[in-house]
>>> print(open('start21.cif').read())   # mmCIF, C-alpha atoms
data_protein
#
loop_
_atom_site.group_PDB
_atom_site.id
_atom_site.type_symbol
_atom_site.label_atom_id
_atom_site.label_comp_id
_atom_site.auth_asym_id
_atom_site.auth_seq_id
_atom_site.Cartn_x
_atom_site.Cartn_y
_atom_site.Cartn_z
ATOM 1 C CA MET A 1 165.267 73.037 159.334
ATOM 2 C CA ARG A 2 168.081 73.975 156.968
ATOM 3 C CA PHE A 3 170.154 77.159 157.058
ATOM 4 C CA THR A 4 172.524 79.060 154.800
ATOM 5 C CA PHE A 5 174.655 82.104 155.546
ATOM 6 C CA ASP A 6 177.875 83.837 154.559
ATOM 7 C CA PRO A 7 180.584 82.175 156.687
ATOM 8 C CA ARG A 8 182.870 85.227 156.407
ATOM 9 C CA LYS A 9 180.109 87.457 157.777
ATOM 10 C CA SER A 10 179.563 84.973 160.607
ATOM 11 C CA VAL A 11 183.214 85.379 161.636
ATOM 12 C CA ARG A 12 182.875 89.188 161.575
ATOM 13 C CA LEU A 13 179.676 89.078 163.661
ATOM 14 C CA ARG A 14 181.286 86.807 166.255
ATOM 15 C CA ALA A 15 184.284 89.174 166.545
ATOM 16 C CA ASN A 16 182.033 92.232 167.029
ATOM 17 C CA PRO A 17 181.486 92.836 170.773
ATOM 18 C CA LYS A 18 177.995 94.229 170.100
ATOM 19 C CA ARG A 19 176.995 90.972 168.356
ATOM 20 C CA GLY A 20 179.043 88.331 170.167
ATOM 21 C CA ILE A 21 177.905 85.260 168.228
ATOM 22 C CA GLY A 22 177.987 83.974 164.675
ATOM 23 C CA PHE A 23 175.296 82.447 162.507
ATOM 24 C CA GLU A 24 176.212 78.962 163.716
ATOM 25 C CA GLU A 25 175.112 79.843 167.257
ATOM 26 C CA ALA A 26 172.166 81.982 166.058
ATOM 27 C CA GLN A 27 170.448 78.890 164.658
ATOM 28 C CA GLU A 28 169.536 78.080 168.282
ATOM 29 C CA VAL A 29 166.863 80.847 168.080
ATOM 30 C CA PHE A 30 164.783 78.513 165.906
ATOM 31 C CA THR A 31 164.944 75.568 168.341
ATOM 32 C CA ARG A 32 162.993 77.359 171.095
ATOM 33 C CA PRO A 33 159.914 79.612 171.133
ATOM 34 C CA TYR A 34 160.596 82.861 169.277
ATOM 35 C CA TRP A 35 158.725 85.993 168.215
ATOM 36 C CA LEU A 36 158.488 86.533 164.469
ATOM 37 C CA ASP A 37 157.697 89.657 162.448
ATOM 38 C CA ARG A 38 158.057 90.704 158.832
ATOM 39 C CA ARG A 39 160.892 93.177 158.409
ATOM 40 C CA SER A 40 160.612 94.147 154.742
ATOM 41 C CA ASP A 41 158.802 93.209 151.555
ATOM 42 C CA VAL A 42 161.617 93.663 149.024
ATOM 43 C CA PRO A 43 163.499 91.549 149.629
ATOM 44 C CA GLU A 44 161.055 89.597 151.760
ATOM 45 C CA GLN A 45 162.775 89.415 155.139
ATOM 46 C CA TYR A 46 161.732 88.467 158.642
ATOM 47 C CA VAL A 47 163.071 89.134 162.128
ATOM 48 C CA ALA A 48 163.038 86.362 164.709
ATOM 49 C CA VAL A 49 163.658 87.258 168.356
ATOM 50 C CA GLY A 50 164.633 84.357 170.560
ATOM 51 C CA TRP A 51 167.094 82.789 172.930
ATOM 52 C CA VAL A 52 170.692 81.849 172.241
ATOM 53 C CA ARG A 53 172.130 80.445 175.433
ATOM 54 C CA ASP A 54 170.948 82.905 178.114
ATOM 55 C CA ARG A 55 170.405 86.029 175.985
ATOM 56 C CA LEU A 56 167.781 87.245 173.506
ATOM 57 C CA TYR A 57 169.001 87.860 169.967
ATOM 58 C CA SER A 58 167.323 89.227 166.864
ATOM 59 C CA VAL A 59 168.051 87.449 163.591
ATOM 60 C CA ILE A 60 167.134 88.752 160.146
ATOM 61 C CA PHE A 61 166.475 85.990 157.622
ATOM 62 C CA GLU A 62 164.960 85.248 154.234
ATOM 63 C CA ILE A 63 163.063 82.119 153.230
ATOM 64 C CA ARG A 64 164.562 80.535 150.139
ATOM 65 C CA GLU A 65 163.800 77.289 148.347
ATOM 66 C CA ASP A 66 165.685 74.655 146.436
ATOM 67 C CA ASP A 67 164.857 71.152 145.190
ATOM 68 C CA GLU A 68 164.797 69.839 148.768
ATOM 69 C CA GLY A 69 162.464 72.530 150.178
ATOM 70 C CA GLU A 70 162.772 75.618 152.326
ATOM 71 C CA ILE A 71 166.025 77.088 153.552
ATOM 72 C CA LEU A 72 166.369 79.909 156.061
ATOM 73 C CA HIS A 73 169.085 82.249 154.806
ATOM 74 C CA LEU A 74 170.496 84.174 157.779
ATOM 75 C CA VAL A 75 171.311 87.776 156.864
ATOM 76 C CA THR A 76 172.399 89.470 160.100
ATOM 77 C CA LEU A 77 171.895 89.427 163.855
ATOM 78 C CA TRP A 78 172.288 91.506 167.011
ATOM 79 C CA ARG A 79 171.548 91.404 170.715
ATOM 80 C CA SER A 80 167.872 92.270 171.038
ATOM 81 C CA THR A 81 166.939 95.844 171.910
ATOM 82 C CA LYS A 82 164.702 96.702 174.873
ATOM 83 C CA GLU A 83 161.780 97.108 172.476
ATOM 84 C CA GLU A 84 162.433 93.699 170.898
ATOM 85 C CA VAL A 85 162.648 92.122 174.369
ATOM 86 C CA ARG A 86 159.292 93.700 175.238
ATOM 87 C CA LEU A 87 157.710 92.387 172.017
ATOM 88 C CA TYR A 88 159.119 88.923 172.696
ATOM 89 C CA GLU A 89 157.756 88.932 176.258
ATOM 90 C CA GLU A 90 154.304 90.118 175.147
ATOM 91 C CA ASN A 91 153.977 87.741 172.186
ATOM 92 C CA SER A 92 155.763 84.509 173.024
#
>>> encode(input="start21.cif", output="structure tokens")
Amino acid sequence: MRFTFDPRKSVRLRANPKRGIGFEEAQEVFTRPYWLDRRSDVPEQYVAVGWVRDRLYSVIFEIREDDEGEILHLVTLWRSTKEEVRLYEENS
């Protein structure tokens, strides 16, 4: 699985105490079981809720393509809300 993201935004997310990680760490969500839902149609975005280390995070991403295939473009992330934790527990 390939990823892209804005490295400057990753630094800002990591420095934000409410986020706590950057996009580099957030890629771990996709290596374990996660809950997936469509977030919006325009642009077409998805939310994945899954584990990074010992905490659930929610990651917004878009699916893009190039000559080599699909790329997950990470848009933003946050520590999962109680509702997102509930959805993860019920659907994963």
>>> resolve_selection(input="start21.cif", expression="the PyMOL selection byres ((chain A and resi 72) around 6)", output="list in words")
Phe3, Glu62, Ile63, Ile71 and His73 of chain A
>>> atom_distance(input="start21.cif", atom1="atom CA of Leu13 of chain A", atom2="atom CA of Lys82 of chain A")
20.2 Å
>>> residues_around(input="start21.cif", residues="segment 57-59 of chain A", least_positions_apart="3", cutoff="6 Å", atoms="all atoms listed in the file", output="list of chain:residue names")
A:Val47, A:Ala48, A:Val49, A:Gly50, A:Thr76, A:Leu77, A:Trp78, A:Arg79, A:Ser80
>>> atom_distance(input="start21.cif", atom1="atom CA of Thr81 of chain A", atom2="atom CA of Thr31 of chain A")
20.7 Å
>>> resolve_selection(input="start21.cif", expression="the PyMOL selection byres ((chain A and resi 30) around 9)", output="ChimeraX atom specification")
/A:1,26-29,31-34,48,50-51
>>> resolve_selection(input="start21.cif", expression="the PyMOL selection byres ((chain A and resi 5) around 6)", output="JSON list (two decimals) with C-alpha atoms, keeping the file's coordinate frame")
[["chain", "number", "residue", "atom", "x", "y", "z"],
["A", 4, "THR", "CA", 172.52, 79.06, 154.80],
["A", 6, "ASP", "CA", 177.88, 83.84, 154.56],
["A", 73, "HIS", "CA", 169.08, 82.25, 154.81],
["A", 74, "LEU", "CA", 170.50, 84.17, 157.78]]
>>> atom_distance(input="start21.cif", atom1="atom CA of Tyr88 of chain A", atom2="atom CA of Arg53 of chain A")
15.8 Å
>>> closest_residue(input="start21.cif", among="A:Lys9, A:Arg64, A:Arg86, A:Arg55", to="Pro43 of chain A", atoms="all atoms listed in the file")
A:Arg64
>>> closest_residue(input="start21.cif", among="A:Val75, A:Leu36, A:Glu25, A:Glu70", to="Val52 of chain A", atoms="all atoms listed in the file")
A:Glu25
>>> closest_residue(input="start21.cif", among="A:Trp35, A:Asp54, A:Val42, A:Arg19", to="Val85 of chain A", atoms="all atoms listed in the file")
A:Trp35
>>> closest_residue(input="start21.cif", among="A:Tyr46, A:Gly20, A:Arg8, A:Leu56", to="Leu87 of chain A", atoms="all atoms listed in the file")
A:Leu56
